[in-house]
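K.L.:
Below you will find the structure I want to go over with you.
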Amino acid sequence: MLLQVALNGARSKSENQNIPHSLEEIENEVRALHKIGCDVFHIHCYDVNGAESLKPDDVFNLVSLVKTISDKIQIGISSGEWIEPNLNKRKSFIRNWKLKPDFVSVNMIEDDAIEISNLLVEKGILIEAGLNEKRAAEKFVHSNLVQNCCRVLIEPEPEEYNSAITVVNEIEEVLNSNNIFLPRLLHGFNTVVWDIIEEAKHKGYDTRIGMEDTLYLQNGETAGSNLQIINKAKQILGL
């Protein structure tokens with residue numbers, strides 16, 4: 001089972017001062033997590049002003065930093081349209097990446113997801129196909145992107161367990177009926193995150209967790225670091 005670290009996400013420091021944004025903060029957390037066996041990271045890229053970025057220099061700085069810690073680490077970043085709403089700018093940034101991440105997460109529900117995915121494929125970058133609902137799964141199965149994906153992310157947005165599982169079941173049905181059996185990574189957000197970790201274990205799926213997905217430990221205490229969250233997740237998963 002893969003346990004991916006979702007290090008920071010689009011969360012602001014106002015939510016928790018311990019969310020790593022700067023290169024120094026990211027380095028400290030990745031080093032600590034790598035020491036306990038974590039080698040697959042999903043990290044949102046930030047610039048020196050603390051804003052999310054897809055600019056070539058910022059992506060280069062992040063990827064090179066992580067690879068310096070260990071060349072065994074796989075790093076993926078987000079391509080979310082909110083990071084750069086202007087499609088032409090976003091595409092230009094991606095075209096000019098000098099150092100490529102190992103994979104990029106693409107939210108298939110976004111309007112430009114297929115176009116961005118095809119550009120990433122041209123760059124030789126693997127895709128994590130983010131499926132947050134049935135419609136996103138349907139869009140994905142008709143995209144011809146399967147052979148260029150390293151995994152699908154089943155990531156229900158509801159923060160109530162039964163509602164989240166309903167979404168998971170709908171996505172699975174679309175994938176199964178279209179004979180798509182890529183590795184599946186299941187994760188949740190906020191109040192259901194720990195229950196979804198248990199569900200991933202039950203299903204035999206890969207999973208992820210970190211300060212992108214939750215700011216709280218299983219007992220409700222505020223997390224002081226990704227390391228605290230990951231240690232608990234490893235305990236639950238028997239890793």
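Identifiers in this document derive from the order of the structure tokens: chains are assigned A, B, ..., residues are numbered from 1 separately in each chain, and ligands are numbered from 1 in order of occurrence.
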Quick one: DSSP alpha helix (DSSP H) residues in range 27-180 of chain A, as a ChimeraX atom specification?

P.N.:
/A:27-35,56-69,87-95,113-122,134-141,161-177

K.L.:
Need the shell around Met108 in chain A: protein/DNA/RNA residues with any atom at most 6 Å away, counting only C-alpha atoms. Skip same-chain ones fewer than 4 positions apart. Format as a ChimeraX atom specification?

P.N.:
/A:113,130,136

K.L.:
Would you mind exporting the chosen residues as an mmCIF file, in the first residue's frame, restricted to C-alpha atoms?

P.N.:
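Resulting contents of part-v2.cif:
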data_model
loop_
_atom_site.group_PDB
_atom_site.id
_atom_site.type_symbol
_atom_site.label_atom_id
_atom_site.label_comp_id
_atom_site.auth_asym_id
_atom_site.auth_seq_id
_atom_site.Cartn_x
_atom_site.Cartn_y
_atom_site.Cartn_z
ATOM 1 C CA ALA A 113 -8.345 19.416 -17.502
ATOM 2 C CA GLY A 130 -8.275 13.533 -9.672
ATOM 3 C CA ALA A 136 -15.289 13.690 -13.378
#

K.L.:
Which residue is closest to Ile83 in chain A? Choose from A:Ser53, A:Asn231, A:Ser143, A:Thr222 and count only C-alpha atoms.

P.N.:
A:Ser53

K.L.:
Using only C-alpha atoms, which residue out of A:Ile236, A:Leu215, A:Thr166, A:Arg90 lies closest to Asp195 in chain A?

P.N.:
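Answer, going by the shortest atom-to-atom distance: A:Ile236.
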
K.L.:
How many Å separate CA of Phe60 in chain A from CA of Cys38 in chain A?

P.N.:
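Distance reported for this atom pair: 21.4 Å.
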
K.L.:
Can you pull out every residue within 10 Å of Leu227 in chain A, counting only C-alpha atoms, but drop anything in the same chain fewer than 2 positions away, and send it as a list of chain:residue names?

P.N.:
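Final neighbour list, sorted by chain and number: A:Val5, A:Leu7, A:Glu29, A:Val30, A:Ala32, A:Leu33, A:His34, A:Ile36, A:Gly210, A:Met211, A:Ala223, A:Gly224, A:Ser225, A:Ile229, A:Ile230, A:Asn231, A:Lys232, A:Ala233.
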
K.L.:
Write a file of the selected residues as a CSV table (one decimal), in the first residue's frame, keeping N, CA and C atoms.

P.N.:
chain,number,residue,atom,x,y,z
A,5,VAL,N,2.2,11.5,0.9
A,5,VAL,CA,2.1,12.7,1.8
A,5,VAL,C,1.6,13.9,1.0
A,7,LEU,N,1.4,17.4,1.5
A,7,LEU,CA,2.1,18.2,2.5
A,7,LEU,C,1.5,19.5,2.9
A,29,GLU,N,10.3,19.5,6.6
A,29,GLU,CA,9.3,18.4,6.7
A,29,GLU,C,9.6,17.2,5.8
A,30,VAL,N,10.0,17.5,4.6
A,30,VAL,CA,10.3,16.3,3.7
A,30,VAL,C,11.4,15.5,4.3
A,32,ALA,N,12.3,15.1,7.4
A,32,ALA,CA,11.8,14.3,8.6
A,32,ALA,C,10.9,13.2,8.1
A,33,LEU,N,10.1,13.4,7.1
A,33,LEU,CA,9.2,12.3,6.7
A,33,LEU,C,10.0,11.3,5.9
A,34,HIS,N,11.0,11.7,5.1
A,34,HIS,CA,11.7,10.7,4.4
A,34,HIS,C,12.5,9.8,5.3
A,36,ILE,N,11.4,8.5,8.0
A,36,ILE,CA,10.5,7.4,8.5
A,36,ILE,C,9.9,6.6,7.3
A,210,GLY,N,-2.1,14.3,5.1
A,210,GLY,CA,-1.2,15.4,5.4
A,210,GLY,C,-2.0,16.6,5.6
A,211,MET,N,-1.3,17.7,5.8
A,211,MET,CA,-1.9,19.0,6.1
A,211,MET,C,-2.8,19.6,5.0
A,223,ALA,N,-2.9,19.5,14.6
A,223,ALA,CA,-1.7,18.9,14.2
A,223,ALA,C,-0.6,19.9,14.3
A,224,GLY,N,0.6,19.6,14.8
A,224,GLY,CA,1.7,20.5,14.8
A,224,GLY,C,2.6,20.3,13.6
A,225,SER,N,2.4,19.2,12.9
A,225,SER,CA,3.3,19.0,11.7
A,225,SER,C,2.7,17.8,10.9
A,229,ILE,N,0.8,13.7,11.7
A,229,ILE,CA,-0.3,13.1,11.0
A,229,ILE,C,0.1,11.8,10.3
A,230,ILE,N,1.3,11.8,9.7
A,230,ILE,CA,1.8,10.6,9.0
A,230,ILE,C,2.0,9.4,10.0
A,231,ASN,N,2.6,9.7,11.1
A,231,ASN,CA,2.9,8.7,12.1
A,231,ASN,C,1.6,8.0,12.5
A,232,LYS,N,0.6,8.8,12.7
A,232,LYS,CA,-0.7,8.1,13.1
A,232,LYS,C,-1.3,7.3,11.9
A,233,ALA,N,-1.2,7.8,10.7
A,233,ALA,CA,-1.7,7.1,9.6
A,233,ALA,C,-1.0,5.8,9.4

K.L.:
Which residues are near Glu170 in chain A? Cut-off 12 Å, only C-alpha atoms, ignore same chain within fewer than 6 positions. Put them as a PyMOL selection string.

P.N.:
chain A and resi 131-138+154-156+163-164+176-177

K.L.:
Out of A:Ala129, A:Ile165, A:Leu87, A:Ile19, which residue has the shortest atom-to-atom distance to Leu54 in chain A when counting only C-alpha atoms?

P.N.:
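Distance minimum relative to Leu54 in chain A lands on A:Leu87.
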
K.L.:
Set the distance at 7 Å and use only C-alpha atoms: which residues neighbour Glu212 in chain A once local chain neighbours fewer than 3 positions away are removed? I'd like the list as a ChimeraX atom specification.

P.N.:
/A:6-9,11

K.L.:
Please determine, counting only C-alpha atoms, which residue among A:Asn88, A:Ser117, A:Ser70, A:Ser78 has the shortest atom-to-atom distance to Arg31 in chain A.

P.N.:
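So, comparing all the options, the nearest one is A:Ser70.
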
K.L.:
With only C-alpha atoms as the atoms that count, which of A:Val167, A:Leu62, A:Ala200, A:Asp213 lies nearest to Gly188 in chain A?

P.N.:
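Of A:Val167, A:Leu62, A:Ala200, A:Asp213, the one nearest Gly188 in chain A is A:Asp213, counting only C-alpha atoms.
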